[in-house]
>>> print(open('protein-v8.txt').read())   # compact mmCIF, C-alpha atoms
# COMPACT_ATOMS: atom_id res chain seq x y z
CA MET A 118 17.15 -16.13 -4.85
CA SER A 119 13.81 -16.24 -3.00
CA SER A 120 15.45 -14.83 0.15
CA ILE A 121 16.69 -11.83 -1.83
CA LEU A 122 13.20 -11.13 -3.12
CA ASP A 123 11.84 -11.43 0.43
CA TYR A 124 14.25 -8.72 1.62
CA LEU A 125 13.37 -6.48 -1.33
CA SER A 126 9.67 -7.04 -0.65
CA PHE A 127 10.28 -5.94 2.95
CA ILE A 128 11.91 -2.76 1.74
CA SER A 129 9.04 -1.89 -0.62
CA SER A 130 6.25 -2.70 1.83
CA ALA A 131 6.04 0.70 3.51
CA THR A 132 4.41 3.54 1.65
CA SER A 133 6.24 6.78 1.14
CA PRO A 134 3.82 9.72 1.32
CA SER A 135 5.42 11.69 -1.49
CA LEU A 136 6.22 8.77 -3.78
CA VAL A 137 2.88 7.00 -3.80
CA CYS A 138 -0.51 8.39 -2.90
CA ARG A 139 -2.08 6.32 -0.12
CA ALA A 140 -5.55 7.06 -1.45
CA GLU A 141 -4.85 4.63 -4.33
CA CYS A 142 -7.63 5.17 -6.89
CA ASN A 143 -9.83 7.12 -4.51
CA ARG A 144 -9.41 10.52 -6.11
CA LEU A 145 -10.50 9.31 -9.52
CA ASN A 146 -14.22 9.99 -8.90
CA LEU A 147 -15.25 6.42 -9.61
CA VAL A 148 -18.99 6.38 -10.27
CA GLY A 149 -19.55 2.66 -10.82
CA PHE A 150 -17.91 -0.72 -11.11
CA GLN A 151 -17.27 -0.08 -14.80
CA ASP A 152 -14.60 2.41 -13.69
CA PHE A 153 -12.75 -0.13 -11.56
CA LEU A 154 -9.85 -1.28 -13.71
CA GLY A 155 -8.71 -4.87 -13.88
CA ASN A 156 -9.45 -8.00 -11.83
CA THR A 157 -12.80 -8.48 -13.56
CA PRO A 158 -13.34 -12.09 -12.39
CA THR A 159 -12.85 -11.14 -8.73
CA VAL A 160 -15.07 -8.08 -8.96
CA THR A 161 -17.73 -10.08 -10.80
CA ARG A 162 -17.84 -12.73 -8.07
CA LEU A 163 -18.23 -10.06 -5.40
CA ARG A 164 -21.00 -8.31 -7.34
CA GLU A 165 -22.77 -11.65 -7.73
CA SER A 166 -22.72 -12.04 -3.95
CA VAL A 167 -24.36 -8.61 -3.70
CA ARG A 168 -27.07 -9.72 -6.14
CA SER A 169 -27.69 -12.95 -4.24
CA GLY A 170 -28.31 -11.09 -1.01
CA HIS A 171 -25.72 -13.26 0.74
CA PHE A 172 -22.78 -10.90 1.00
CA PRO A 173 -19.96 -12.46 3.08
CA GLN A 174 -19.93 -11.62 6.76
CA SER A 175 -16.13 -11.87 6.78
CA LEU A 176 -14.10 -10.98 3.71
CA ILE A 177 -10.36 -10.61 3.05
CA LEU A 178 -9.26 -8.53 0.05
CA SER A 179 -5.60 -9.16 -0.70
CA GLY A 180 -3.34 -7.67 -3.33
CA PRO A 181 -0.33 -5.42 -3.87
CA ARG A 182 -0.22 -1.88 -2.56
CA GLY A 183 -2.15 0.37 -4.92
CA ALA A 184 -4.23 -2.44 -6.44
CA GLY A 185 -7.45 -0.75 -5.32
CA LYS A 186 -8.40 -2.84 -2.28
CA TYR A 187 -9.71 0.10 -0.26
CA THR A 188 -11.48 1.55 -3.28
CA LEU A 189 -13.19 -1.78 -3.96
CA ALA A 190 -14.21 -2.19 -0.31
CA LEU A 191 -15.97 1.18 -0.37
CA MET A 192 -17.62 0.35 -3.70
CA LEU A 193 -18.98 -2.89 -2.25
CA ALA A 194 -20.34 -1.05 0.78
CA LYS A 195 -22.08 1.35 -1.62
CA ALA A 196 -23.46 -1.44 -3.79
CA VAL A 197 -24.96 -3.26 -0.80
CA ASN A 198 -26.48 -0.10 0.70
CA CYS A 199 -27.33 2.03 -2.34
CA GLN A 200 -30.80 3.53 -2.09
CA ASN A 201 -31.19 3.72 -5.87
CA PRO A 202 -29.32 0.63 -7.08
CA THR A 203 -28.57 0.29 -10.77
CA GLU A 204 -27.09 -2.39 -13.02
CA SER A 205 -24.13 -2.55 -15.36
CA ASP A 206 -23.06 -5.57 -17.36
CA GLY A 207 -26.06 -7.37 -15.91
CA LEU A 208 -24.76 -7.08 -12.34
CA PRO A 209 -25.60 -4.83 -9.37
CA ASP A 210 -24.08 -1.36 -9.31
CA PHE A 211 -24.46 1.76 -7.19
CA CYS A 212 -25.84 5.15 -8.18
CA GLY A 213 -23.10 7.20 -6.51
CA THR A 214 -25.51 10.04 -5.71
CA CYS A 215 -27.85 8.83 -2.98
CA PRO A 216 -27.10 9.80 0.65
CA ASN A 217 -25.62 6.39 1.46
CA CYS A 218 -23.32 6.41 -1.58
CA THR A 219 -22.10 9.95 -1.05
CA ARG A 220 -21.45 9.55 2.68
CA ILE A 221 -19.60 6.28 2.21
CA GLY A 222 -17.67 7.92 -0.63
CA ASP A 223 -16.61 10.71 1.73
CA ALA A 224 -14.21 8.20 3.29
CA ALA A 225 -12.28 7.84 0.03
CA ASP A 226 -9.38 10.13 0.95
CA LEU A 227 -8.27 8.01 3.86
CA GLU A 228 -4.88 9.68 4.30
CA ALA A 229 -6.43 13.12 4.85
CA LEU A 230 -9.06 11.77 7.23
CA VAL A 231 -6.49 9.92 9.33
CA ALA A 232 -4.29 13.03 9.49
CA GLU A 233 -7.29 15.05 10.66
CA ALA A 234 -8.14 12.47 13.33
CA VAL A 235 -4.54 12.33 14.56
CA ALA A 236 -4.42 16.13 14.79
CA ALA A 237 -7.65 16.13 16.81
CA ARG A 238 -6.21 13.54 19.18
CA GLU A 239 -3.07 15.62 19.69
CA ASP A 240 -5.25 18.48 20.96
CA MET A 241 -6.68 16.32 23.77
CA ARG A 242 -5.48 16.13 27.34
CA ASP A 243 -2.74 13.54 27.87
CA THR A 244 -5.05 11.23 29.82
CA ASP A 245 -7.68 11.26 27.05
CA LYS A 246 -5.07 11.03 24.31
CA ARG A 247 -3.74 7.74 25.62
CA GLU A 248 -7.18 6.16 25.58
CA THR A 249 -8.28 7.47 22.18
CA ARG A 250 -7.88 5.28 19.11
CA ILE A 251 -8.07 6.41 15.49
CA LEU A 252 -11.31 5.43 13.70
CA ILE A 253 -12.89 6.93 10.57
CA GLN A 254 -16.64 7.13 10.13
CA THR A 255 -18.29 9.29 7.49
CA HIS A 256 -21.43 7.09 7.46
CA PRO A 257 -23.02 5.89 10.72
CA ASP A 258 -23.02 2.27 9.54
CA VAL A 259 -19.58 2.10 7.90
CA LEU A 260 -16.58 2.10 10.23
CA ILE A 261 -13.03 2.40 8.82
CA VAL A 262 -10.19 1.07 10.99
CA PRO A 263 -6.71 2.25 9.91
CA PRO A 264 -3.43 1.38 11.65
CA ASP A 265 -3.12 3.58 14.72
CA PRO A 266 -0.15 6.00 14.67
CA PRO A 267 2.65 6.18 15.56
CA GLN A 268 3.20 2.41 15.71
CA LEU A 269 0.89 1.93 12.70
CA LEU A 270 -0.74 -1.16 14.17
CA ILE A 271 -4.38 -2.16 14.61
CA LYS A 272 -4.84 -1.97 18.39
CA ILE A 273 -7.16 -3.72 20.77
CA GLY A 274 -9.17 -0.56 21.47
CA GLN A 275 -10.06 -0.31 17.79
CA VAL A 276 -11.17 -3.94 17.62
CA ARG A 277 -13.26 -3.54 20.77
CA GLN A 278 -15.04 -0.62 19.14
CA VAL A 279 -15.76 -2.73 16.06
CA ILE A 280 -17.20 -5.49 18.26
CA HIS A 281 -19.33 -2.98 20.15
CA VAL A 282 -20.66 -1.38 16.97
CA ALA A 283 -21.37 -4.74 15.33
CA TRP A 284 -23.31 -6.21 18.24
CA TYR A 285 -24.94 -3.24 19.92
CA ARG A 286 -25.53 -0.77 17.07
CA PRO A 287 -27.53 -2.41 14.26
CA PRO A 288 -27.55 -0.40 11.01
CA VAL A 289 -29.87 2.60 11.16
CA GLU A 290 -29.48 4.11 7.69
CA ALA A 291 -28.01 1.20 5.72
CA LYS A 292 -29.17 -2.31 4.97
CA ARG A 293 -25.90 -3.75 6.20
CA SER A 294 -23.14 -2.36 8.40
CA PHE A 295 -19.51 -2.58 7.37
CA SER A 296 -16.24 -2.49 9.30
CA ILE A 297 -13.19 -2.14 7.05
CA PHE A 298 -9.71 -2.84 8.43
CA THR A 299 -7.25 -1.16 6.08
CA SER A 300 -4.20 -3.15 7.23
CA SER A 301 -3.30 -6.63 8.42
CA ALA A 302 -0.76 -5.26 10.93
CA PHE A 303 -2.55 -6.27 14.14
CA MET A 304 -1.20 -6.24 17.65
CA LYS A 305 -1.39 -9.76 19.06
CA GLU A 306 -4.14 -8.93 21.53
CA ALA A 307 -6.13 -7.14 18.85
CA ALA A 308 -5.91 -10.09 16.45
CA ASN A 309 -7.09 -12.49 19.15
CA SER A 310 -9.99 -10.20 20.02
CA LEU A 311 -11.02 -10.03 16.38
CA LEU A 312 -11.70 -13.77 16.48
CA LYS A 313 -14.63 -13.15 18.79
CA ILE A 314 -16.58 -11.25 16.16
CA LEU A 315 -15.46 -13.54 13.34
CA GLU A 316 -16.68 -16.66 15.15
CA GLU A 317 -20.18 -15.30 15.82
CA PRO A 318 -20.82 -12.28 13.59
CA PRO A 319 -24.26 -10.68 13.61
CA GLU A 320 -26.21 -11.42 10.44
CA TYR A 321 -26.49 -7.74 9.50
CA ALA A 322 -22.75 -6.92 9.66
CA SER A 323 -19.77 -7.52 7.37
CA LEU A 324 -16.08 -7.22 8.17
CA ILE A 325 -13.60 -6.57 5.37
CA LEU A 326 -9.87 -6.96 6.00
CA LEU A 327 -7.40 -5.50 3.51
CA THR A 328 -3.94 -6.97 3.24
CA GLU A 329 -0.97 -7.19 0.92
CA ASN A 330 -0.17 -10.62 2.30
CA PRO A 331 -2.89 -12.83 3.84
CA GLN A 332 -0.15 -14.87 5.58
CA GLU A 333 0.33 -11.93 7.95
CA LEU A 334 -3.07 -12.74 9.43
CA LEU A 335 -3.58 -15.50 11.97
CA PRO A 336 -4.60 -18.82 10.41
CA THR A 337 -7.71 -18.74 12.59
CA ILE A 338 -8.67 -15.39 11.02
CA ARG A 339 -8.02 -16.61 7.47
CA SER A 340 -10.08 -19.74 8.04
CA ARG A 341 -13.11 -17.69 9.07
CA ALA A 342 -13.14 -15.34 6.07
CA VAL A 343 -13.65 -15.56 2.33
CA ILE A 344 -10.43 -14.52 0.56
CA HIS A 345 -10.49 -12.65 -2.75
CA ARG A 346 -7.26 -11.60 -4.44
CA LEU A 347 -6.57 -8.59 -6.65
CA GLY A 348 -3.77 -9.33 -9.07
CA ALA A 349 -1.36 -7.05 -10.90
CA LEU A 350 -2.29 -5.59 -14.28
CA PRO A 351 0.10 -6.13 -17.18
CA VAL A 352 2.20 -3.21 -18.36
CA SER A 353 0.47 -3.41 -21.73
CA ASP A 354 -2.80 -2.42 -20.02
CA LEU A 355 -1.32 0.29 -17.81
CA GLU A 356 0.49 2.30 -20.48
CA PRO A 357 -2.66 3.06 -22.56
CA LEU A 358 -4.44 3.99 -19.33
CA LEU A 359 -1.66 6.41 -18.39
CA ALA A 360 -1.83 7.98 -21.85
CA ILE A 361 -5.45 8.89 -21.08
CA ARG A 362 -5.30 9.68 -17.36
CA ARG A 363 -1.85 11.30 -17.23
CA PRO A 364 -1.37 13.09 -20.56
CA GLU A 365 1.47 15.16 -19.10
CA LEU A 366 3.71 12.08 -19.23
CA ASN A 367 5.61 11.33 -22.41
CA ALA A 368 5.93 7.78 -23.75
CA LYS A 369 9.21 7.18 -21.91
CA ASP A 370 7.78 8.31 -18.58
CA ARG A 371 4.60 6.29 -19.10
CA ALA A 372 6.66 3.15 -19.64
CA LEU A 373 8.67 3.85 -16.49
CA ALA A 374 5.59 4.62 -14.37
CA ALA A 375 3.81 1.49 -15.59
CA ARG A 376 6.73 -0.74 -14.63
CA LEU A 377 7.44 0.93 -11.31
CA SER A 378 3.80 0.48 -10.29
CA GLU A 379 4.24 -3.31 -10.40
CA GLY A 380 0.79 -3.72 -11.92
CA ALA A 381 -1.06 -1.58 -9.36
CA VAL A 382 -3.39 0.91 -11.03
CA GLY A 383 -3.47 3.33 -8.12
CA ARG A 384 0.32 3.52 -7.92
CA ALA A 385 0.64 4.01 -11.67
CA LEU A 386 -1.82 6.88 -11.65
CA THR A 387 -0.40 8.69 -8.64
CA ILE A 388 3.33 8.00 -8.60
CA ASP A 389 5.43 11.16 -8.52
CA LEU A 390 8.18 10.44 -11.03
CA GLY A 391 10.06 13.59 -10.09
CA VAL A 392 10.46 12.41 -6.51
CA TYR A 393 11.38 8.91 -7.63
CA LEU A 394 13.98 10.07 -10.15
CA ALA A 395 15.62 12.34 -7.57
CA SER A 396 15.80 9.46 -5.09
CA ARG A 397 17.06 7.11 -7.79
CA GLN A 398 19.89 9.48 -8.67
CA ASP A 399 21.20 9.31 -5.09
CA ALA A 400 20.69 5.53 -5.06
CA LEU A 401 22.85 5.30 -8.17
CA ILE A 402 25.61 7.22 -6.38
CA LEU A 403 25.57 4.60 -3.61
CA LEU A 404 25.71 1.77 -6.15
CA ARG A 405 28.49 3.39 -8.20
CA THR A 406 30.47 3.91 -5.00
CA ALA A 407 30.14 0.22 -4.21
CA LEU A 408 30.63 -1.21 -7.69
CA ARG A 409 32.99 1.20 -9.44
CA GLU A 410 35.94 3.40 -8.49
CA PRO A 411 34.55 5.01 -5.33
CA ASP A 412 34.14 8.78 -5.12
CA TYR A 413 33.54 9.30 -1.41
CA SER A 414 33.27 13.07 -1.68
CA LEU A 415 30.29 12.64 -4.02
CA LEU A 416 28.82 10.02 -1.69
CA PHE A 417 29.12 12.17 1.43
CA HIS A 418 27.68 15.18 -0.39
CA ALA A 419 24.66 13.14 -1.50
CA THR A 420 23.94 11.57 1.90
CA GLU A 421 24.41 14.78 3.89
CA SER A 422 20.87 15.93 3.02
CA TYR A 423 19.45 12.81 4.72
CA ARG A 424 20.85 13.79 8.08
CA ALA A 425 17.93 15.02 10.19
CA GLY A 426 14.32 16.11 10.42
CA ALA A 427 11.08 14.75 9.02
CA ASP A 428 12.10 15.71 5.48
CA GLY A 429 15.27 13.67 5.84
CA GLN A 430 13.30 10.67 7.03
CA GLU A 431 10.92 10.88 4.09
CA LYS A 432 13.81 11.29 1.67
CA THR A 433 15.53 8.26 3.18
CA ILE A 434 12.42 6.11 2.74
CA ASN A 435 12.20 7.18 -0.90
CA LEU A 436 15.90 6.47 -1.37
CA LEU A 437 15.57 2.96 0.05
CA ARG A 438 12.62 2.22 -2.24
CA ALA A 439 14.57 3.43 -5.27
CA MET A 440 17.63 1.45 -4.15
CA GLY A 441 15.52 -1.67 -3.76
CA SER A 442 14.15 -1.21 -7.27
CA LEU A 443 17.65 -0.91 -8.72
CA ILE A 444 18.96 -3.93 -6.81
CA GLU A 445 16.03 -6.01 -8.02
CA ASP A 446 16.84 -4.91 -11.58
CA LEU A 447 20.47 -5.95 -11.06
CA LEU A 448 19.23 -9.35 -9.95
CA LEU A 449 17.20 -9.64 -13.15
CA MET A 450 20.25 -8.66 -15.16
CA VAL A 451 22.39 -11.31 -13.45
CA ALA A 452 19.60 -13.85 -13.99
CA GLY A 453 19.66 -13.15 -17.73
CA THR A 454 16.20 -11.56 -17.93
CA PRO A 455 16.91 -7.89 -18.71
CA GLN A 456 13.54 -7.56 -20.43
CA LEU A 457 11.87 -7.68 -17.01
CA ILE A 458 13.67 -4.75 -15.40
CA ARG A 459 11.60 -1.79 -14.24
CA ASN A 460 14.11 1.02 -14.77
CA LEU A 461 14.13 0.66 -18.54
CA ASP A 462 15.81 4.01 -19.14
CA LEU A 463 18.86 2.78 -17.18
CA ALA A 464 19.20 -0.54 -18.99
CA ALA A 465 22.68 0.21 -20.35
CA GLU A 466 24.08 1.40 -17.02
CA LEU A 467 22.47 -1.45 -15.09
CA ASP A 468 24.07 -3.87 -17.53
CA ARG A 469 27.50 -2.31 -16.83
CA LEU A 470 26.95 -2.36 -13.07
CA ALA A 471 25.88 -6.00 -13.19
CA GLN A 472 29.11 -7.13 -14.81
CA GLY A 473 30.97 -9.37 -12.40
CA ILE A 474 28.57 -9.14 -9.46
CA THR A 475 27.19 -12.29 -7.91
CA VAL A 476 23.90 -13.35 -6.41
CA ASP A 477 25.65 -13.37 -3.03
CA TRP A 478 26.55 -9.68 -3.46
CA ILE A 479 22.93 -8.86 -4.33
CA ASP A 480 21.74 -10.83 -1.30
CA GLY A 481 24.10 -8.81 0.88
CA ALA A 482 22.85 -5.56 -0.65
CA ALA A 483 19.24 -6.50 0.05
CA ARG A 484 20.11 -7.33 3.66
CA ALA A 485 21.96 -4.03 4.02
CA LEU A 486 18.84 -2.15 2.91
CA VAL A 487 16.81 -3.88 5.60
CA GLN A 488 19.42 -2.97 8.22
CA VAL A 489 19.21 0.72 7.29
CA GLU A 490 15.42 0.54 7.44
CA GLN A 491 15.55 -1.03 10.89
CA GLY A 492 18.17 1.49 12.00
CA MET A 493 15.78 4.32 11.14
CA ARG A 494 13.33 2.92 13.68
CA ARG A 495 16.08 3.14 16.31
CA ASN A 496 16.82 6.75 15.34
CA LEU A 497 20.32 6.00 14.05
CA LEU A 498 21.92 8.86 12.14
CA ARG A 499 20.61 8.36 8.63
CA SER A 500 23.48 9.86 6.65
CA LEU A 501 26.06 7.72 8.48
CA SER A 502 23.90 4.61 8.01
CA LEU A 503 23.76 5.24 4.26
CA ASP A 504 27.53 5.90 4.08
CA ALA A 505 28.22 2.71 6.02
CA MET A 506 25.94 0.74 3.73
CA ALA A 507 27.70 1.98 0.59
CA VAL A 508 31.13 1.20 2.02
CA SER A 509 30.06 -2.26 3.24
CA LEU A 510 28.93 -3.13 -0.29
CA ASP A 511 32.26 -2.11 -1.79
CA ARG A 512 33.25 -4.85 -4.21
CA ASN A 513 36.58 -3.30 -5.10
>>> encode(input="protein-v8.txt", output="structure tokens")
Amino acid sequence: MSSILDYLSFISSATSPSLVCRAECNRLNLVGFQDFLGNTPTVTRLRESVRSGHFPQSLILSGPRGAGKYTLALMLAKAVNCQNPTESDGLPDFCGTCPNCTRIGDAADLEALVAEAVAAREDMRDTDKRETRILIQTHPDVLIVPPDPPQLLIKIGQVRQVIHVAWYRPPVEAKRSFSIFTSSAFMKEAANSLLKILEEPPEYASLILLTENPQELLPTIRSRAVIHRLGALPVSDLEPLLAIRRPELNAKDRALAARLSEGAVGRALTIDLGVYLASRQDALILLRTALREPDYSLLFHATESYRAGADGQEKTINLLRAMGSLIEDLLLMVAGTPQLIRNLDLAAELDRLAQGITVDWIDGAARALVQVEQGMRRNLLRSLSLDAMAVSLDRN
């Protein structure tokens, strides 16, 4: 069963722009640590390191997508460098209004800033474009390093810039400089180069690496950094929060959003249920085709809209995420734990679909999802890939 969950985790690892907001909690106008929801023990330990004056030089923040890793990293940079520091709950906090706080906070909407930087690079001459890496810097002493498009990997040019800034540009407006890597997807050469700064970091600089899975990082990187984990929040905490922050959702939708978020506050607060439900409806057509009397005309009509263009690619990503969610729920049904499913409103239909299927079938379905995902990277025709997947899963 663990292999099935690994495949489903692979499918859900990429972020769909329209399904989940990449900015996580960043548009919530957080003004202090009291507004950061959940993971109190972890946040408390980090705030205590701020108070001690011995903030880690190398720090890994791990946790699920949408848990608030990037938000917390920016908050820590503010707390260390705030010009008018305050306290809350007896621990250091930031004012949110001084020049350092506001300029660091300007990096909150990472998705928009990366898009702007990519657009600026596209306007360059081809020779300059090839040598230019994507970096975000709204404060002179805080450097944000996102995965570089289109491969979405941290590249060696980005790491070299971090090393240069750390060693040759001491902080000028802040007490401590920060470099924040927003992903653990490093090119091999870039990861090896990062070791140079981790082995002998300057005393005035801190590196923060954000990751969903610390095991993606080299053991030599993990051994040189302090690891703090952000865990998932229980559904019982998320639903009351959604009632306050998203009053447009009714009780049924709040329950669905809370479960689909998998305990991540940012995902719960920003998930577009309309997009998800539309994708889920097509995913159900694929499952019904495979598990019931097949209606290929309905299948072909549904997959036709995934044929081409950027919109089709985005729709396909959303479809695969929804399909992965349904397959995981089927696994929970087969395992005899229906109370754990995420798509609560489909409990009755999922129960019917699960009748007679085996763990081997679910394993094959999870593998088929991965194959479609990999096929998209090779520019295979998406509609045909989806049709082929549905037919290959036919149990009849």
>>> residues_around(input="protein-v8.txt", residues="A:Thr475", least_positions_apart="5", cutoff="10 Å", atoms="only C-alpha atoms", output="ChimeraX atom specification")
/A:447-448,451-452,480-481
>>> atom_distance(input="protein-v8.txt", atom1="atom CA of A:Asp468", atom2="atom CA of A:Asp446")
9.4 Å
>>> closest_residue(input="protein-v8.txt", among="A:Gly348, A:Glu233, A:Glu320, A:Leu311", to="A:Asn156", atoms="only C-alpha atoms")
A:Gly348
>>> closest_residue(input="protein-v8.txt", among="A:Ile251, A:Leu510, A:Ala439, A:Ala505", to="A:Lys272", atoms="only C-alpha atoms")
A:Ile251
>>> residues_around(input="protein-v8.txt", residues="stretch 302-305 of chain A", least_positions_apart="6", cutoff="9 Å", atoms="only C-alpha atoms", output="JSON list (two decimals) with C-alpha atoms, keeping the file's coordinate frame")
[["chain", "number", "residue", "atom", "x", "y", "z"],
["A", 264, "PRO", "CA", -3.43, 1.38, 11.65],
["A", 269, "LEU", "CA", 0.89, 1.93, 12.70],
["A", 270, "LEU", "CA", -0.74, -1.16, 14.17],
["A", 271, "ILE", "CA", -4.38, -2.16, 14.61],
["A", 272, "LYS", "CA", -4.84, -1.97, 18.39],
["A", 273, "ILE", "CA", -7.16, -3.72, 20.77],
["A", 328, "THR", "CA", -3.94, -6.97, 3.24],
["A", 333, "GLU", "CA", 0.33, -11.93, 7.95],
["A", 334, "LEU", "CA", -3.07, -12.74, 9.43]]
>>> residues_around(input="protein-v8.txt", residues="A:Ile325", least_positions_apart="4", cutoff="6 Å", atoms="all atoms listed in the file", output="PyMOL selection string")
chain A and resi 176-177+297
>>> atom_distance(input="protein-v8.txt", atom1="atom CA of A:Leu358", atom2="atom CA of A:His345")
24.3 Å
>>> closest_residue(input="protein-v8.txt", among="A:Ile458, A:Ile444, A:Ala464, A:Met192", to="A:Leu377", atoms="all atoms listed in the file")
A:Ile458
>>> residues_around(input="protein-v8.txt", residues="A:Pro288", least_positions_apart="6", cutoff="9 Å", atoms="only C-alpha atoms", output="PyMOL selection string")
chain A and resi 257-259+294+321-322
>>> axis_aligned_box(input="protein-v8.txt", around="stretch 321-329 of chain A", padding_each_side="4 Å", output="AutoDock Vina command-line options")
--center_x -13.7 --center_y -6.6 --center_z 5.3 --size_x 33.5 --size_y 10.2 --size_z 16.7
>>> atom_distance(input="protein-v8.txt", atom1="atom CA of A:Asn460", atom2="atom CA of A:Asn367")
15.4 Å
>>> residues_near_point(input="protein-v8.txt", point="(-1.8, -2.8, -8.1)", cutoff="10 Å", atoms="only C-alpha atoms", output="MDAnalysis selection string")
chainID A and resid 141:142 154:156 180:186 347:351 378:385
>>> write_last_selection(input="protein-v8.txt", atoms="C-alpha atoms", output="mmCIF file, in the frame of the given file")
data_model
loop_
_atom_site.group_PDB
_atom_site.id
_atom_site.type_symbol
_atom_site.label_atom_id
_atom_site.label_comp_id
_atom_site.auth_asym_id
_atom_site.auth_seq_id
_atom_site.Cartn_x
_atom_site.Cartn_y
_atom_site.Cartn_z
ATOM 1 C CA GLU A 141 -4.850 4.630 -4.330
ATOM 2 C CA CYS A 142 -7.630 5.170 -6.890
ATOM 3 C CA LEU A 154 -9.850 -1.280 -13.710
ATOM 4 C CA GLY A 155 -8.710 -4.870 -13.880
ATOM 5 C CA ASN A 156 -9.450 -8.000 -11.830
ATOM 6 C CA GLY A 180 -3.340 -7.670 -3.330
ATOM 7 C CA PRO A 181 -0.330 -5.420 -3.870
ATOM 8 C CA ARG A 182 -0.220 -1.880 -2.560
ATOM 9 C CA GLY A 183 -2.150 0.370 -4.920
ATOM 10 C CA ALA A 184 -4.230 -2.440 -6.440
ATOM 11 C CA GLY A 185 -7.450 -0.750 -5.320
ATOM 12 C CA LYS A 186 -8.400 -2.840 -2.280
ATOM 13 C CA LEU A 347 -6.570 -8.590 -6.650
ATOM 14 C CA GLY A 348 -3.770 -9.330 -9.070
ATOM 15 C CA ALA A 349 -1.360 -7.050 -10.900
ATOM 16 C CA LEU A 350 -2.290 -5.590 -14.280
ATOM 17 C CA PRO A 351 0.100 -6.130 -17.180
ATOM 18 C CA SER A 378 3.800 0.480 -10.290
ATOM 19 C CA GLU A 379 4.240 -3.310 -10.400
ATOM 20 C CA GLY A 380 0.790 -3.720 -11.920
ATOM 21 C CA ALA A 381 -1.060 -1.580 -9.360
ATOM 22 C CA VAL A 382 -3.390 0.910 -11.030
ATOM 23 C CA GLY A 383 -3.470 3.330 -8.120
ATOM 24 C CA ARG A 384 0.320 3.520 -7.920
ATOM 25 C CA ALA A 385 0.640 4.010 -11.670
#
>>> closest_residue(input="protein-v8.txt", among="A:Leu436, A:Ala368, A:Leu189, A:Ile402", to="A:Glu356", atoms="only C-alpha atoms")
A:Ala368
>>> closest_residue(input="protein-v8.txt", among="A:Val148, A:Val489, A:Leu178, A:Leu366", to="A:Ala342", atoms="all atoms listed in the file")
A:Leu178
>>> closest_residue(input="protein-v8.txt", among="A:Gln200, A:Asn309, A:Val231, A:Leu260", to="A:Arg286", atoms="only C-alpha atoms")
A:Leu260
>>> build_atoms(input="protein-v8.txt", residues="stretch 395-407 of chain A", atoms="N, CA and C atoms", output="JSON list (two decimals), in the frame of the given file")
[["chain", "number", "residue", "atom", "x", "y", "z"],
["A", 395, "ALA", "N", 14.65, 11.70, -8.45],
["A", 395, "ALA", "CA", 15.62, 12.34, -7.57],
["A", 395, "ALA", "C", 16.21, 11.33, -6.58],
["A", 396, "SER", "N", 15.34, 10.49, -6.02],
["A", 396, "SER", "CA", 15.80, 9.46, -5.09],
["A", 396, "SER", "C", 16.68, 8.44, -5.81],
["A", 397, "ARG", "N", 16.29, 8.10, -7.03],
["A", 397, "ARG", "CA", 17.06, 7.11, -7.79],
["A", 397, "ARG", "C", 18.45, 7.62, -8.11],
["A", 398, "GLN", "N", 18.58, 8.92, -8.35],
["A", 398, "GLN", "CA", 19.89, 9.48, -8.67],
["A", 398, "GLN", "C", 20.85, 9.29, -7.49],
["A", 399, "ASP", "N", 20.35, 9.53, -6.27],
["A", 399, "ASP", "CA", 21.20, 9.31, -5.09],
["A", 399, "ASP", "C", 21.47, 7.82, -4.89],
["A", 400, "ALA", "N", 20.48, 6.97, -5.19],
["A", 400, "ALA", "CA", 20.69, 5.53, -5.06],
["A", 400, "ALA", "C", 21.77, 5.06, -6.03],
["A", 401, "LEU", "N", 21.81, 5.65, -7.20],
["A", 401, "LEU", "CA", 22.85, 5.30, -8.17],
["A", 401, "LEU", "C", 24.24, 5.69, -7.66],
["A", 402, "ILE", "N", 24.32, 6.81, -6.94],
["A", 402, "ILE", "CA", 25.61, 7.22, -6.38],
["A", 402, "ILE", "C", 26.10, 6.17, -5.39],
["A", 403, "LEU", "N", 25.18, 5.64, -4.56],
["A", 403, "LEU", "CA", 25.57, 4.60, -3.61],
["A", 403, "LEU", "C", 26.04, 3.34, -4.35],
["A", 404, "LEU", "N", 25.33, 2.97, -5.40],
["A", 404, "LEU", "CA", 25.71, 1.77, -6.15],
["A", 404, "LEU", "C", 27.04, 1.95, -6.88],
["A", 405, "ARG", "N", 27.22, 3.14, -7.50],
["A", 405, "ARG", "CA", 28.49, 3.39, -8.20],
["A", 405, "ARG", "C", 29.66, 3.38, -7.23],
["A", 406, "THR", "N", 29.42, 3.91, -6.01],
["A", 406, "THR", "CA", 30.47, 3.91, -5.00],
["A", 406, "THR", "C", 30.87, 2.49, -4.65],
["A", 407, "ALA", "N", 29.87, 1.60, -4.60],
["A", 407, "ALA", "CA", 30.14, 0.22, -4.21],
["A", 407, "ALA", "C", 30.72, -0.61, -5.35]]
